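Asks: Pasting query25.txt here (compact mmCIF, C-alpha atoms and all ligand atoms):
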# COMPACT_ATOMS: atom_id res chain seq x y z
CA MET A 1 -92.53 224.12 -18.17
CA ASN A 2 -95.51 222.05 -19.30
CA LYS A 3 -97.94 222.99 -16.58
CA GLY A 4 -101.61 222.12 -16.16
CA LEU A 5 -104.25 224.51 -14.94
CA PHE A 6 -105.49 224.73 -11.36
CA ILE A 7 -109.24 225.46 -11.24
CA THR A 8 -111.15 225.74 -7.98
CA VAL A 9 -114.93 225.53 -7.59
CA GLU A 10 -116.48 227.45 -4.73
CA GLY A 11 -119.82 228.35 -3.23
CA ALA A 12 -121.88 228.02 -0.08
CA GLU A 13 -123.42 224.67 0.79
CA GLY A 14 -125.83 223.00 -1.61
CA VAL A 15 -125.15 225.29 -4.58
CA GLY A 16 -124.23 222.27 -6.70
CA LYS A 17 -120.44 222.05 -6.58
CA SER A 18 -120.24 218.24 -6.50
CA THR A 19 -122.93 217.88 -9.18
CA ASN A 20 -121.29 220.34 -11.54
CA ILE A 21 -117.70 219.24 -10.99
CA ALA A 22 -118.61 215.97 -12.72
CA PHE A 23 -119.91 218.04 -15.64
CA ILE A 24 -116.74 220.17 -15.69
CA ARG A 25 -114.54 217.06 -15.70
CA ASP A 26 -116.46 215.54 -18.64
CA ALA A 27 -116.36 218.83 -20.59
CA LEU A 28 -112.59 219.16 -20.17
CA GLU A 29 -111.87 215.49 -20.87
CA SER A 30 -113.90 215.75 -24.08
CA LYS A 31 -111.34 218.36 -25.18
CA GLY A 32 -108.55 215.82 -24.69
CA LEU A 33 -107.32 217.22 -21.38
CA GLU A 34 -106.14 215.02 -18.52
CA VAL A 35 -108.15 216.00 -15.45
CA ILE A 36 -107.83 215.25 -11.74
CA VAL A 37 -110.76 216.04 -9.44
CA THR A 38 -110.06 216.60 -5.78
CA ARG A 39 -111.55 218.41 -2.79
CA GLU A 40 -110.85 220.40 0.34
CA PRO A 41 -110.53 219.77 3.13
CA GLY A 42 -109.16 216.46 1.87
CA GLY A 43 -107.73 215.06 -1.34
CA THR A 44 -104.98 212.87 0.14
CA GLU A 45 -105.10 210.11 2.74
CA MET A 46 -103.83 212.36 5.53
CA ALA A 47 -105.87 215.40 4.47
CA GLU A 48 -109.03 213.25 4.36
CA GLU A 49 -108.33 212.22 7.98
CA ILE A 50 -108.11 215.91 8.90
CA ARG A 51 -111.42 216.48 7.04
CA GLU A 52 -113.08 213.83 9.18
CA VAL A 53 -111.82 215.61 12.33
CA LEU A 54 -113.09 218.97 11.03
CA LEU A 55 -116.57 217.90 9.89
CA ARG A 56 -117.54 215.58 12.76
CA ASN A 57 -120.24 216.91 15.09
CA ARG A 58 -118.88 217.03 18.65
CA ASP A 59 -119.93 218.29 22.09
CA GLU A 60 -116.58 220.03 22.59
CA ASN A 61 -116.45 223.61 21.32
CA VAL A 62 -113.94 223.89 18.45
CA ALA A 63 -111.59 226.87 18.83
CA GLU A 64 -111.59 229.13 15.74
CA SER A 65 -107.81 228.98 15.55
CA ALA A 66 -107.83 225.16 15.76
CA GLU A 67 -110.30 224.98 12.87
CA LEU A 68 -108.29 227.49 10.82
CA LEU A 69 -104.97 225.73 11.38
CA LEU A 70 -106.43 222.33 10.55
CA MET A 71 -107.81 223.71 7.26
CA PHE A 72 -104.34 224.92 6.34
CA ALA A 73 -102.65 221.75 7.60
CA ALA A 74 -104.84 219.70 5.26
CA ARG A 75 -104.19 222.21 2.46
CA ALA A 76 -100.40 222.06 2.90
CA GLN A 77 -100.46 218.29 2.51
CA HIS A 78 -102.89 218.49 -0.42
CA ILE A 79 -100.78 221.02 -2.33
CA GLU A 80 -97.45 219.28 -1.83
CA SER A 81 -98.48 215.67 -2.37
CA LEU A 82 -101.26 215.95 -4.93
CA ILE A 83 -101.92 219.34 -6.57
CA LYS A 84 -98.41 220.50 -7.47
CA PRO A 85 -97.15 217.11 -8.73
CA ALA A 86 -100.24 216.75 -10.96
CA LEU A 87 -99.84 220.27 -12.38
CA LEU A 88 -96.18 219.61 -13.09
CA GLN A 89 -97.23 216.56 -15.12
CA GLY A 90 -99.45 218.85 -17.21
CA LYS A 91 -102.73 217.66 -15.69
CA TRP A 92 -105.64 219.99 -15.02
CA VAL A 93 -106.61 219.92 -11.35
CA ILE A 94 -110.19 220.75 -10.34
CA SER A 95 -110.61 221.26 -6.61
CA ASP A 96 -113.99 221.34 -4.87
CA ARG A 97 -113.08 224.31 -2.62
CA PHE A 98 -109.70 225.86 -1.75
CA THR A 99 -108.50 228.95 0.15
CA ASP A 100 -111.42 231.20 -0.89
CA ALA A 101 -113.51 228.87 1.29
CA THR A 102 -111.31 229.72 4.26
CA TYR A 103 -111.87 233.45 3.71
CA ALA A 104 -115.61 232.80 3.34
CA TYR A 105 -116.22 230.29 6.17
CA GLN A 106 -113.53 231.04 8.77
CA GLY A 107 -113.30 234.74 7.84
CA GLY A 108 -116.93 235.56 7.01
CA GLY A 109 -118.79 232.84 8.90
CA ARG A 110 -116.68 232.64 12.04
CA GLY A 111 -115.35 236.20 12.00
CA VAL A 112 -111.61 235.40 11.93
CA ASP A 113 -109.52 238.42 10.87
CA SER A 114 -108.78 238.07 7.15
CA ASN A 115 -105.22 239.32 7.75
CA LYS A 116 -104.55 236.22 9.84
CA ILE A 117 -105.87 234.05 7.01
CA GLY A 118 -103.63 235.94 4.59
CA ILE A 119 -100.56 235.25 6.74
CA LEU A 120 -101.30 231.51 6.73
CA GLU A 121 -102.08 231.59 3.00
CA ASP A 122 -98.65 233.10 2.30
CA PHE A 123 -96.92 230.72 4.73
CA VAL A 124 -98.52 227.54 3.32
CA GLN A 125 -98.85 228.49 -0.33
CA GLY A 126 -96.12 231.03 -1.02
CA GLU A 127 -97.27 232.55 -4.31
CA PHE A 128 -99.30 229.50 -5.31
CA ARG A 129 -102.90 230.51 -6.16
CA PRO A 130 -105.70 229.03 -8.33
CA ASP A 131 -105.47 229.97 -12.02
CA LYS A 132 -109.26 230.20 -12.22
CA THR A 133 -112.07 230.01 -9.69
CA ILE A 134 -115.68 229.22 -10.58
CA LEU A 135 -118.10 230.58 -7.97
CA LEU A 136 -121.51 228.95 -7.96
CA ASP A 137 -123.74 231.53 -6.35
CA ALA A 138 -127.33 231.21 -5.17
CA PRO A 139 -129.46 232.72 -2.42
CA VAL A 140 -128.65 230.93 0.82
CA GLU A 141 -132.19 229.57 1.27
CA ILE A 142 -131.95 227.72 -2.04
CA GLY A 143 -128.60 226.08 -1.23
CA MET A 144 -129.65 225.13 2.28
CA ALA A 145 -132.91 223.60 1.05
CA ARG A 146 -131.01 221.52 -1.54
CA ALA A 147 -128.36 220.39 0.96
CA HIS A 148 -130.82 219.60 3.73
CA LYS A 149 -132.70 217.15 1.51
CA ARG A 150 -129.69 214.84 1.86
CA GLY A 151 -130.34 213.98 5.51
CA GLU A 152 -127.72 214.01 8.26
CA LEU A 153 -125.88 217.33 8.59
CA ASP A 154 -122.17 217.78 9.43
CA ARG A 155 -120.66 220.38 11.80
CA PHE A 156 -120.70 223.12 9.12
CA GLU A 157 -124.08 222.25 7.64
CA ASN A 158 -125.59 222.62 11.11
CA GLU A 159 -124.80 226.35 11.07
CA LYS A 160 -127.69 228.81 10.74
CA LEU A 161 -128.85 230.98 7.84
CA ALA A 162 -126.99 234.09 9.11
CA PHE A 163 -123.68 232.18 9.00
CA PHE A 164 -124.20 231.22 5.35
CA GLU A 165 -125.29 234.78 4.44
CA LYS A 166 -121.88 235.98 5.68
CA VAL A 167 -120.16 233.18 3.76
CA ARG A 168 -121.96 234.17 0.55
CA ASN A 169 -121.17 237.86 1.03
CA VAL A 170 -117.44 237.21 1.40
CA TYR A 171 -117.43 235.09 -1.75
CA LEU A 172 -119.13 237.90 -3.69
CA GLU A 173 -116.67 240.47 -2.29
CA ARG A 174 -113.80 238.31 -3.49
CA VAL A 175 -115.28 238.17 -7.01
CA GLU A 176 -115.35 241.96 -7.05
CA ALA A 177 -111.78 242.18 -5.79
CA GLU A 178 -110.41 239.67 -8.34
CA PRO A 179 -112.68 239.74 -11.41
CA LYS A 180 -110.04 238.18 -13.69
CA ARG A 181 -109.63 235.04 -11.60
CA PHE A 182 -113.31 234.46 -10.83
CA GLU A 183 -116.12 233.26 -13.08
CA LEU A 184 -119.49 233.90 -11.45
CA ILE A 185 -122.27 231.42 -12.21
CA ASP A 186 -125.92 231.92 -11.25
CA ALA A 187 -126.55 228.59 -9.51
CA SER A 188 -130.15 229.40 -8.57
CA LYS A 189 -131.22 228.35 -12.09
CA SER A 190 -132.12 224.83 -13.20
CA LEU A 191 -129.25 222.37 -13.56
CA GLU A 192 -129.53 222.57 -17.36
CA GLU A 193 -129.24 226.38 -17.28
CA VAL A 194 -126.30 226.26 -14.87
CA GLN A 195 -124.50 223.87 -17.17
CA VAL A 196 -125.06 226.11 -20.21
CA GLN A 197 -123.32 228.92 -18.28
CA LEU A 198 -120.50 226.55 -17.27
CA LYS A 199 -120.00 225.33 -20.83
CA ASP A 200 -119.51 228.93 -22.03
CA VAL A 201 -117.04 229.67 -19.23
CA LEU A 202 -115.05 226.50 -19.90
CA GLU A 203 -114.85 227.28 -23.64
CA VAL A 204 -113.28 230.65 -22.81
CA ILE A 205 -110.84 229.15 -20.30
CA VAL A 206 -109.71 226.35 -22.63
CA ASP A 207 -109.41 228.68 -25.64
CA GLY A 208 -107.34 231.09 -23.54
CA ILE A 209 -104.90 228.34 -22.56
CA VAL A 210 -104.69 226.47 -25.85
CA ASN A 211 -104.04 229.74 -27.73
CA ARG A 212 -101.60 231.20 -25.18
N1 LIG A 301 -114.74 224.45 4.69
C1 LIG A 301 -114.32 225.53 5.47
O1 LIG A 301 -114.99 225.91 6.43
N2 LIG A 301 -113.13 226.14 5.17
C2 LIG A 301 -112.34 225.73 4.16
O2 LIG A 301 -111.27 226.31 3.94
C3 LIG A 301 -112.80 224.63 3.34
C4 LIG A 301 -113.99 224.02 3.65
C5 LIG A 301 -111.95 224.16 2.21
C6 LIG A 301 -117.09 220.70 3.58
O3 LIG A 301 -117.18 221.17 2.30
C7 LIG A 301 -117.18 221.83 4.56
O4 LIG A 301 -115.89 222.38 4.80
C8 LIG A 301 -118.01 222.95 4.03
C9 LIG A 301 -117.19 224.22 4.27
C10 LIG A 301 -116.01 223.78 5.06
N3 LIG A 301 -119.22 222.93 4.73
N4 LIG A 301 -120.27 223.49 4.43
N5 LIG A 301 -121.26 223.90 4.26
P1 LIG A 301 -118.00 220.40 1.19
O5 LIG A 301 -117.76 221.16 -0.06
O6 LIG A 301 -117.65 218.98 1.19
O7 LIG A 301 -119.51 220.49 1.70
P2 LIG A 301 -120.71 221.33 1.22
O8 LIG A 301 -120.48 222.74 0.89
O9 LIG A 301 -121.69 221.08 2.31
O10 LIG A 301 -121.03 220.69 -0.15
P3 LIG A 301 -122.40 220.19 -0.53
O11 LIG A 301 -123.46 220.44 0.48
O12 LIG A 301 -122.16 218.78 -0.92
O13 LIG A 301 -122.83 221.11 -1.67
P4 LIG A 301 -122.58 221.08 -3.20
O14 LIG A 301 -121.53 220.10 -3.56
O15 LIG A 301 -122.38 222.48 -3.57
O16 LIG A 301 -123.98 220.58 -3.75
P5 LIG A 301 -124.39 219.22 -4.52
O17 LIG A 301 -124.19 218.00 -3.60
O18 LIG A 301 -123.82 219.17 -5.86
O19 LIG A 301 -125.95 219.52 -4.68
C11 LIG A 301 -126.82 219.51 -3.57
C12 LIG A 301 -128.21 218.99 -4.04
O20 LIG A 301 -128.79 219.93 -4.94
C13 LIG A 301 -128.14 217.67 -4.82
O21 LIG A 301 -129.26 216.91 -4.48
C14 LIG A 301 -128.23 218.11 -6.29
O22 LIG A 301 -128.81 217.14 -7.09
C15 LIG A 301 -129.10 219.34 -6.18
N6 LIG A 301 -128.80 220.36 -7.19
C16 LIG A 301 -127.60 220.80 -7.61
N7 LIG A 301 -127.73 221.79 -8.52
C17 LIG A 301 -129.04 221.98 -8.68
C18 LIG A 301 -129.83 222.88 -9.47
N8 LIG A 301 -129.25 223.79 -10.30
N9 LIG A 301 -131.16 222.83 -9.36
C19 LIG A 301 -131.75 221.95 -8.52
N10 LIG A 301 -131.09 221.07 -7.74
C20 LIG A 301 -129.76 221.09 -7.82
Turn this file's structure into structure tokens for me.

Replies:
Amino acid sequence: MNKGLFITVEGAEGVGKSTNIAFIRDALESKGLEVIVTREPGGTEMAEEIREVLLRNRDENVAESAELLLMFAARAQHIESLIKPALLQGKWVISDRFTDATYAYQGGGRGVDSNKIGILEDFVQGEFRPDKTILLDAPVEIGMARAHKRGELDRFENEKLAFFEKVRNVYLERVEAEPKRFELIDASKSLEEVQVQLKDVLEVIVDGIVNR
């Protein structure tokens, strides 16, 4: 089967995912690869509607289980109607966040039992997992300062420092648990330095696939 590669980009808010995904796309396209960039929650018309529901600030308290199920509802639609068809056509799919974000935000941030997340992961994804995950990591204060420069904050961005510390810790635990899948990037450095690290990582990934 001529299958593309599924790469996810993760990190707490403001670490530079959106900025660097553009760089990753350009780097891969310059190697002649066909690349699709997408994001979670979102990526399809219906999943983007669910994103809007999830991110909107509201007076009503959002139940943890409602938030969790909506994340996976959006993901189910995203996988079936966008990610898998693109991979089957041999395209490389780069997603700004995926299920590691659920472990980090709903699991770490909100305190949802990771076993419950695992059950939904298996139900929605079966054995489908990212081939590679790039974690942009920086101290929480740095990411929050970068993100807060942008102005109006959504329902997640309005969370406090302690919430994002827990998010970051879960991400780092997941790198330790799955060192082969993850590539850890020090995102506290200047953009130029971050992109030097990314270039090296992408070289290794592409070489590994082209020579497989
Ligand atoms: N969420 C969840 O809870 N559970 C899930 O399962 C999933 C998601 C999938 C939306 O995600 C929210 O959904 C997210 C978690 C939740 N909320 N939070 N927080 P999102 O990815 O769309 O939102 P985000 O994390 O808030 O992304 P972001 O704030 O846009 O961050 P970013 O994409 O990582 O950063 P950026 O926009 O590229 O950069 C931020 C600023 O920093 C910008 O001005 C850049 O020019 C600047 N920047 C970037 N890199 C550098 C360096 N190296 N030096 C200096 N300045 C820099």

Asks: Padding 3 Å on each side, edges along x, y and z: where is the centre of the box around the listed atoms of ligand LIG 301 (chain A), and how long are its edges in Å to one decimal? Output it as JSON.

Replies:
{"center_x": -121.5, "center_y": 221.6, "center_z": -1.9, "size_x": 26.5, "size_y": 15.4, "size_z": 22.7}

Asks: As a quick test: using all atoms listed in the file, which residues lie no more than 6 Å away from ligand LIG 301 (chain A)? Give them as a ChimeraX atom specification.

Replies: /A:12-19,40-41,71,97-99,101-102,105-106,146-147,156-157,187-191,194

Asks: For Asp100 (chain A), which residue out of A:Pro85, A:Gly118, A:Pro139, A:Gly126 is the nearest one, using all atoms listed in the file?

Replies: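 Checking each candidate against Asp100 (chain A), we get A:Gly118 as the closest.
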
Asks: Using all atoms listed in the file, pick whichever of A:Leu82, A:Ala22, A:Ile50, A:Leu136 has the shortest atom-to-atom distance to Tyr171 (chain A).

Replies: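 Comparing A:Leu82, A:Ala22, A:Ile50, A:Leu136 against Tyr171 (chain A), the winner is A:Leu136.
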
Asks: List the neighbours of Leu68 (chain A) out to 12 Å using all atoms listed in the file; skip same-chain residues closer than 2 positions along the sequence, and give me the result as a VMD selection string.

Replies: chain A and resid 41 50 54 62 to 66 70 to 75 99 101 to 107 109 to 114 116 to 121

Asks: So how many Å separate CA of Asp186 (chain A) and CA of Gly11 (chain A), to one decimal?

Replies: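 Between these atoms lies a distance of 10.7 Å.
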
Asks: List the spatial neighbours of Leu87 (chain A) as a PDB file with C-alpha atoms, keeping the file's coordinate frame - criterion: any atom at most 8 Å away, all atoms listed in the file, same-chain residues fewer than 2 positions off excluded.

Replies:
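So the final result, stored in result_6.pdb, reads:
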ATOM      1  CA  LYS A   3     -97.940 222.990 -16.580  1.00  0.00           C
ATOM      2  CA  GLY A   4    -101.610 222.120 -16.160  1.00  0.00           C
ATOM      3  CA  LEU A   5    -104.250 224.510 -14.940  1.00  0.00           C
ATOM      4  CA  PHE A   6    -105.490 224.730 -11.360  1.00  0.00           C
ATOM      5  CA  ILE A  83    -101.920 219.340  -6.570  1.00  0.00           C
ATOM      6  CA  LYS A  84     -98.410 220.500  -7.470  1.00  0.00           C
ATOM      7  CA  PRO A  85     -97.150 217.110  -8.730  1.00  0.00           C
ATOM      8  CA  GLN A  89     -97.230 216.560 -15.120  1.00  0.00           C
ATOM      9  CA  GLY A  90     -99.450 218.850 -17.210  1.00  0.00           C
ATOM     10  CA  LYS A  91    -102.730 217.660 -15.690  1.00  0.00           C
ATOM     11  CA  TRP A  92    -105.640 219.990 -15.020  1.00  0.00           C
ATOM     12  CA  VAL A  93    -106.610 219.920 -11.350  1.00  0.00           C
TER      13      VAL A  93
END

Asks: Counting all atoms listed in the file, what is within 10 Å of Glu80 (chain A), bar same-chain residues fewer than 6 positions away, as a list in words?

Replies: Ala86, Val124 and Gln125 of chain A

Asks: Kindly add N, CA and C atoms to the incomplete region 101-124 of chain A and provide the output as a compact mmCIF listing (two decimals), keeping the file's coordinate frame.

Replies:
# COMPACT_ATOMS: atom_id res chain seq x y z
N ALA A 101 -112.57 229.40 0.30
CA ALA A 101 -113.51 228.87 1.29
C ALA A 101 -113.08 229.25 2.71
N THR A 102 -111.78 229.34 2.93
CA THR A 102 -111.31 229.72 4.26
C THR A 102 -111.67 231.18 4.55
N TYR A 103 -111.47 232.04 3.53
CA TYR A 103 -111.87 233.45 3.71
C TYR A 103 -113.38 233.54 3.96
N ALA A 104 -114.15 232.71 3.22
CA ALA A 104 -115.61 232.80 3.34
C ALA A 104 -116.12 232.20 4.65
N TYR A 105 -115.67 231.00 4.99
CA TYR A 105 -116.22 230.29 6.17
C TYR A 105 -115.56 230.74 7.47
N GLN A 106 -114.19 230.66 7.51
CA GLN A 106 -113.53 231.04 8.77
C GLN A 106 -113.55 232.56 8.90
N GLY A 107 -113.31 233.27 7.79
CA GLY A 107 -113.30 234.74 7.84
C GLY A 107 -114.71 235.29 7.98
N GLY A 108 -115.56 235.02 6.98
CA GLY A 108 -116.93 235.56 7.01
C GLY A 108 -117.78 234.90 8.07
N GLY A 109 -117.90 233.58 7.99
CA GLY A 109 -118.79 232.84 8.90
C GLY A 109 -118.39 232.95 10.36
N ARG A 110 -117.11 232.66 10.63
CA ARG A 110 -116.68 232.64 12.04
C ARG A 110 -116.15 233.98 12.52
N GLY A 111 -115.83 234.87 11.59
CA GLY A 111 -115.35 236.20 12.00
C GLY A 111 -113.86 236.29 12.26
N VAL A 112 -113.07 235.32 11.77
CA VAL A 112 -111.61 235.40 11.93
C VAL A 112 -111.08 236.55 11.06
N ASP A 113 -110.13 237.29 11.59
CA ASP A 113 -109.52 238.42 10.87
C ASP A 113 -108.89 237.92 9.55
N SER A 114 -109.28 238.55 8.45
CA SER A 114 -108.78 238.07 7.15
C SER A 114 -107.26 238.25 7.02
N ASN A 115 -106.68 239.18 7.79
CA ASN A 115 -105.22 239.32 7.75
C ASN A 115 -104.52 238.07 8.27
N LYS A 116 -105.14 237.46 9.29
CA LYS A 116 -104.55 236.22 9.84
C LYS A 116 -104.62 235.11 8.79
N ILE A 117 -105.73 235.07 8.06
CA ILE A 117 -105.87 234.05 7.01
C ILE A 117 -104.82 234.31 5.92
N GLY A 118 -104.62 235.58 5.60
CA GLY A 118 -103.63 235.94 4.59
C GLY A 118 -102.22 235.52 4.98
N ILE A 119 -101.90 235.64 6.27
CA ILE A 119 -100.56 235.25 6.74
C ILE A 119 -100.37 233.74 6.54
N LEU A 120 -101.40 232.97 6.90
CA LEU A 120 -101.30 231.51 6.73
C LEU A 120 -101.28 231.13 5.25
N GLU A 121 -102.06 231.85 4.45
CA GLU A 121 -102.08 231.59 3.00
C GLU A 121 -100.66 231.76 2.43
N ASP A 122 -100.01 232.86 2.80
CA ASP A 122 -98.65 233.10 2.30
C ASP A 122 -97.68 232.05 2.83
N PHE A 123 -97.82 231.69 4.11
CA PHE A 123 -96.92 230.72 4.73
C PHE A 123 -97.05 229.35 4.06
N VAL A 124 -98.29 228.90 3.85
CA VAL A 124 -98.52 227.54 3.32
C VAL A 124 -98.35 227.50 1.80
